[in-house]
>>> print(open('model_18.cif').read())   # mmCIF, C-alpha atoms
data_work
loop_
_atom_site.label_atom_id
_atom_site.label_comp_id
_atom_site.auth_asym_id
_atom_site.auth_seq_id
_atom_site.Cartn_x
_atom_site.Cartn_y
_atom_site.Cartn_z
CA MET A 19 0.00 0.00 0.00
CA THR A 20 1.16 3.51 -0.68
CA SER A 21 1.58 3.97 3.06
CA ASP A 22 2.09 7.73 3.17
CA LYS A 23 -0.52 8.57 0.53
CA VAL A 24 -4.29 8.61 0.96
CA ILE A 25 -6.29 7.15 -1.90
CA LYS A 26 -9.72 8.66 -2.43
CA ILE A 27 -12.38 8.20 -5.07
CA LYS A 28 -13.73 11.37 -6.66
CA PHE A 29 -16.21 12.17 -9.38
CA PRO A 30 -14.61 13.08 -12.72
CA CYS A 31 -13.93 16.82 -12.85
CA ILE A 32 -12.16 19.38 -15.03
CA GLU A 33 -9.46 20.00 -12.40
CA LEU A 34 -8.30 16.37 -12.58
CA LEU A 35 -8.53 16.07 -16.37
CA PRO A 36 -4.81 16.65 -17.17
CA SER A 37 -3.89 13.94 -14.68
CA PHE A 38 -6.62 11.67 -16.09
CA PHE A 39 -5.09 12.05 -19.56
CA ASP A 40 -1.66 11.11 -18.14
CA TYR A 41 -3.29 8.02 -16.57
CA ALA A 42 -4.91 7.10 -19.91
CA LYS A 43 -1.58 7.48 -21.74
CA ALA A 44 0.13 5.24 -19.19
CA LEU A 45 -2.54 2.54 -19.66
CA SER A 46 -2.18 2.72 -23.43
CA ALA A 47 1.63 2.65 -23.30
CA ASN A 48 1.39 -0.44 -21.10
CA GLY A 49 -0.79 -2.18 -23.69
CA ASP A 50 -3.85 -2.23 -21.41
CA SER A 51 -7.35 -2.24 -22.87
CA ILE A 52 -9.02 1.13 -22.66
CA TRP A 53 -12.81 1.16 -22.78
CA ASP A 54 -13.82 3.85 -25.26
CA SER A 55 -16.84 5.04 -23.28
CA TYR A 56 -14.62 6.21 -20.40
CA TYR A 57 -12.60 8.52 -22.67
CA PRO A 58 -13.44 11.61 -24.72
CA ASN A 59 -15.02 11.19 -28.12
CA GLU A 60 -13.27 12.82 -31.05
CA GLY A 61 -14.04 16.54 -30.99
CA GLU A 62 -15.78 16.36 -27.59
CA SER A 63 -15.05 19.31 -25.30
CA ASP A 64 -13.55 18.70 -21.88
CA GLU A 65 -16.75 19.94 -20.25
CA ALA A 66 -18.95 17.67 -22.38
CA PHE A 67 -16.73 14.68 -21.63
CA ILE A 68 -16.92 15.27 -17.86
CA GLN A 69 -20.68 15.76 -18.03
CA ARG A 70 -21.07 12.54 -20.04
CA GLN A 71 -19.15 10.64 -17.36
CA LEU A 72 -21.37 12.10 -14.63
CA ASP A 73 -24.53 11.43 -16.66
CA ARG A 74 -23.74 7.72 -16.86
CA ALA A 75 -25.39 7.38 -13.43
CA THR A 76 -28.76 8.52 -14.77
CA ILE A 77 -28.64 8.53 -18.59
CA PRO A 78 -26.51 5.61 -19.82
CA GLU A 79 -25.43 5.35 -23.44
CA PRO A 80 -27.21 2.34 -25.01
CA PRO A 81 -26.61 -0.58 -24.51
CA LEU A 82 -24.89 0.30 -21.21
CA VAL A 83 -26.54 0.25 -17.78
CA ARG A 84 -26.57 3.10 -15.26
CA GLU A 85 -23.24 3.38 -13.47
CA THR A 86 -21.47 5.86 -11.25
CA VAL A 87 -17.92 6.61 -12.39
CA TYR A 88 -15.14 7.63 -10.00
CA TRP A 89 -11.48 8.38 -10.44
CA GLY A 90 -9.06 7.05 -7.83
CA VAL A 91 -6.76 9.86 -6.77
CA ILE A 92 -3.77 10.46 -4.56
CA GLY A 93 -3.60 14.20 -3.95
CA ASP A 94 -4.37 15.57 -7.41
CA THR A 95 -2.99 12.57 -9.33
CA VAL A 96 -5.41 10.16 -11.00
CA VAL A 97 -4.17 6.64 -10.23
CA GLY A 98 -7.22 4.64 -11.31
CA ARG A 99 -10.85 4.42 -12.33
CA VAL A 100 -13.63 2.53 -10.56
CA SER A 101 -17.28 2.30 -11.56
CA LEU A 102 -20.37 0.96 -9.83
CA ARG A 103 -22.99 -0.41 -12.19
CA HIS A 104 -26.44 0.05 -10.68
CA GLU A 105 -27.87 -3.11 -12.23
CA LEU A 106 -26.74 -6.10 -14.24
CA ASN A 107 -27.70 -7.14 -17.74
CA GLU A 108 -26.88 -10.53 -19.28
CA ASN A 109 -23.54 -9.25 -20.56
CA LEU A 110 -22.47 -8.02 -17.09
CA ARG A 111 -23.66 -11.21 -15.39
CA GLU A 112 -21.26 -13.10 -17.64
CA MET A 113 -18.37 -10.62 -17.55
CA GLY A 114 -17.92 -7.44 -15.60
CA GLY A 115 -20.33 -7.59 -12.69
CA HIS A 116 -21.36 -4.55 -10.66
CA ILE A 117 -17.89 -3.03 -10.34
CA GLY A 118 -15.10 -2.45 -12.82
CA TYR A 119 -11.73 -0.85 -12.16
CA GLU A 120 -8.29 -0.17 -13.60
CA VAL A 121 -5.11 1.06 -11.95
CA HIS A 122 -2.34 3.22 -13.42
CA PRO A 123 0.57 0.87 -14.27
CA GLY A 124 2.94 2.93 -12.12
CA PHE A 125 0.75 2.40 -9.04
CA ARG A 126 0.01 -1.32 -9.31
CA GLY A 127 0.94 -3.63 -6.46
CA GLN A 128 0.53 -0.79 -3.95
CA GLY A 129 -3.02 -1.48 -2.76
CA VAL A 130 -4.69 1.13 -4.98
CA ALA A 131 -7.34 -1.24 -6.39
CA THR A 132 -8.04 -2.67 -2.93
CA LYS A 133 -8.61 0.82 -1.52
CA MET A 134 -10.73 1.99 -4.49
CA LEU A 135 -12.93 -1.10 -4.14
CA GLU A 136 -13.15 -0.57 -0.37
CA GLU A 137 -14.23 3.04 -0.90
CA ILE A 138 -16.85 2.30 -3.57
CA LEU A 139 -18.40 -0.39 -1.38
CA LYS A 140 -19.12 2.34 1.21
CA ILE A 141 -21.25 4.50 -1.07
CA PRO A 142 -25.02 4.42 -0.50
CA LYS A 143 -25.84 2.97 -3.93
CA ALA A 144 -23.56 -0.04 -3.33
CA ARG A 145 -25.18 -0.61 0.05
CA GLU A 146 -28.60 -0.35 -1.60
CA ILE A 147 -27.64 -3.03 -4.14
CA GLY A 148 -26.46 -5.13 -1.20
CA LYS A 149 -25.02 -8.12 -3.03
CA ILE A 150 -22.25 -7.12 -5.43
CA LEU A 151 -20.96 -9.33 -8.27
CA LEU A 152 -17.36 -8.98 -9.40
CA THR A 153 -15.72 -11.05 -12.13
CA CYS A 154 -12.10 -11.40 -13.12
CA ASN A 155 -9.66 -13.59 -14.97
CA PRO A 156 -8.43 -16.41 -12.70
CA ASP A 157 -4.85 -15.57 -13.77
CA ASN A 158 -5.16 -11.94 -12.64
CA ILE A 159 -3.63 -12.44 -9.21
CA GLY A 160 -3.90 -8.77 -8.26
CA SER A 161 -7.60 -8.51 -9.05
CA ASN A 162 -8.41 -11.78 -7.28
CA LYS A 163 -6.54 -10.54 -4.17
CA THR A 164 -8.29 -7.15 -4.36
CA ILE A 165 -11.71 -8.82 -4.33
CA LEU A 166 -10.78 -11.28 -1.58
CA ASN A 167 -9.33 -8.44 0.53
CA ASN A 168 -12.73 -6.74 0.36
CA GLY A 169 -14.74 -9.76 1.48
CA GLY A 170 -15.35 -11.40 -1.88
CA VAL A 171 -16.55 -15.00 -1.80
CA LEU A 172 -15.76 -17.12 -4.85
CA GLU A 173 -18.99 -18.61 -6.19
CA LYS A 174 -17.58 -20.35 -9.26
CA LYS A 175 -15.02 -20.44 -12.01
CA ALA A 176 -16.68 -20.75 -15.42
CA PHE A 177 -15.72 -20.82 -19.08
CA VAL A 178 -16.83 -17.77 -21.10
CA LYS A 179 -17.07 -18.62 -24.77
CA ARG A 180 -16.86 -15.07 -26.15
CA VAL A 181 -13.42 -14.57 -24.61
CA ASP A 182 -12.40 -18.21 -24.93
CA GLY A 183 -11.32 -18.30 -21.32
CA PHE A 184 -12.35 -18.73 -17.72
CA ARG A 185 -13.65 -16.13 -15.29
CA ASN A 186 -13.94 -16.16 -11.52
CA TYR A 187 -17.29 -15.02 -10.08
CA TYR A 188 -17.18 -13.40 -6.65
CA TRP A 189 -19.95 -11.98 -4.47
CA ILE A 190 -19.54 -9.34 -1.78
CA THR A 191 -22.51 -9.01 0.54
CA LEU A 192 -22.86 -5.61 2.22
#
>>> encode(input="model_18.cif", output="structure tokens")
Amino acid sequence: MTSDKVIKIKFPCIELLPSFFDYAKALSANGDSIWDSYYPNEGESDEAFIQRQLDRATIPEPPLVRETVYWGVIGDTVVGRVSLRHELNENLREMGGHIGYEVHPGFRGQGVATKMLEEILKIPKAREIGKILLTCNPDNIGSNKTILNNGGVLEKKAFVKRVDGFRNYYWITL
């Protein structure tokens, strides 16, 4: 854990946008998948991009479900993204679950994902949902540990045809 640094989750905002872009560049340079809907569209203003991220909680872009997006920050540095999906569709039941997250490559292995997940589980909407599904690749040791460290209980390991691989299915009951 980044022992001397406090990790918080914050709503996307203009003030953090330069750091968010640095985070996105680091993910891309590391060869990590970047989900298009969490990044600006071509020609989209900074303000419109931030508003679109905030609107995901009430006005999702089809075929997405409502979700609240947060950026994990240390000081004014974006070190991750974590989102709480308010409901599940068939796609999310198979892969994704209620919560998705990524961590800046330079901050991995320091407890950032564990703390972001811990923080998002405290928000009222997560408590309202009550039983939270998280899925991850069985080979992703960091993600499996993050979920277990936050009370995740492994329900099953199952083959997912569309990705030609297995996924672990965890539940966290709040």
>>> atom_distance(input="model_18.cif", atom1="atom CA of A:Gln71", atom2="atom CA of A:Ser55")
8.5 Å
>>> closest_residue(input="model_18.cif", among="A:Lys174, A:Arg74, A:Arg180, A:His122", to="A:Leu152", atoms="only C-alpha atoms")
A:Lys174
>>> atom_distance(input="model_18.cif", atom1="atom CA of A:Glu136", atom2="atom CA of A:Asn168")
6.2 Å
>>> residues_around(input="model_18.cif", residues="A:Pro123", least_positions_apart="4", cutoff="9 Å", atoms="all atoms listed in the file", output="number ranges by chain")
A: 41, 44-45, 48, 50, 97
>>> atom_distance(input="model_18.cif", atom1="atom CA of A:Phe38", atom2="atom CA of A:Val96")
5.4 Å
>>> residues_around(input="model_18.cif", residues="A:Ile165", least_positions_apart="3", cutoff="12 Å", atoms="only C-alpha atoms", output="MDAnalysis selection string")
chainID A and resid 117:119 129 131:136 139 150:156 158:162 168:172 186:191
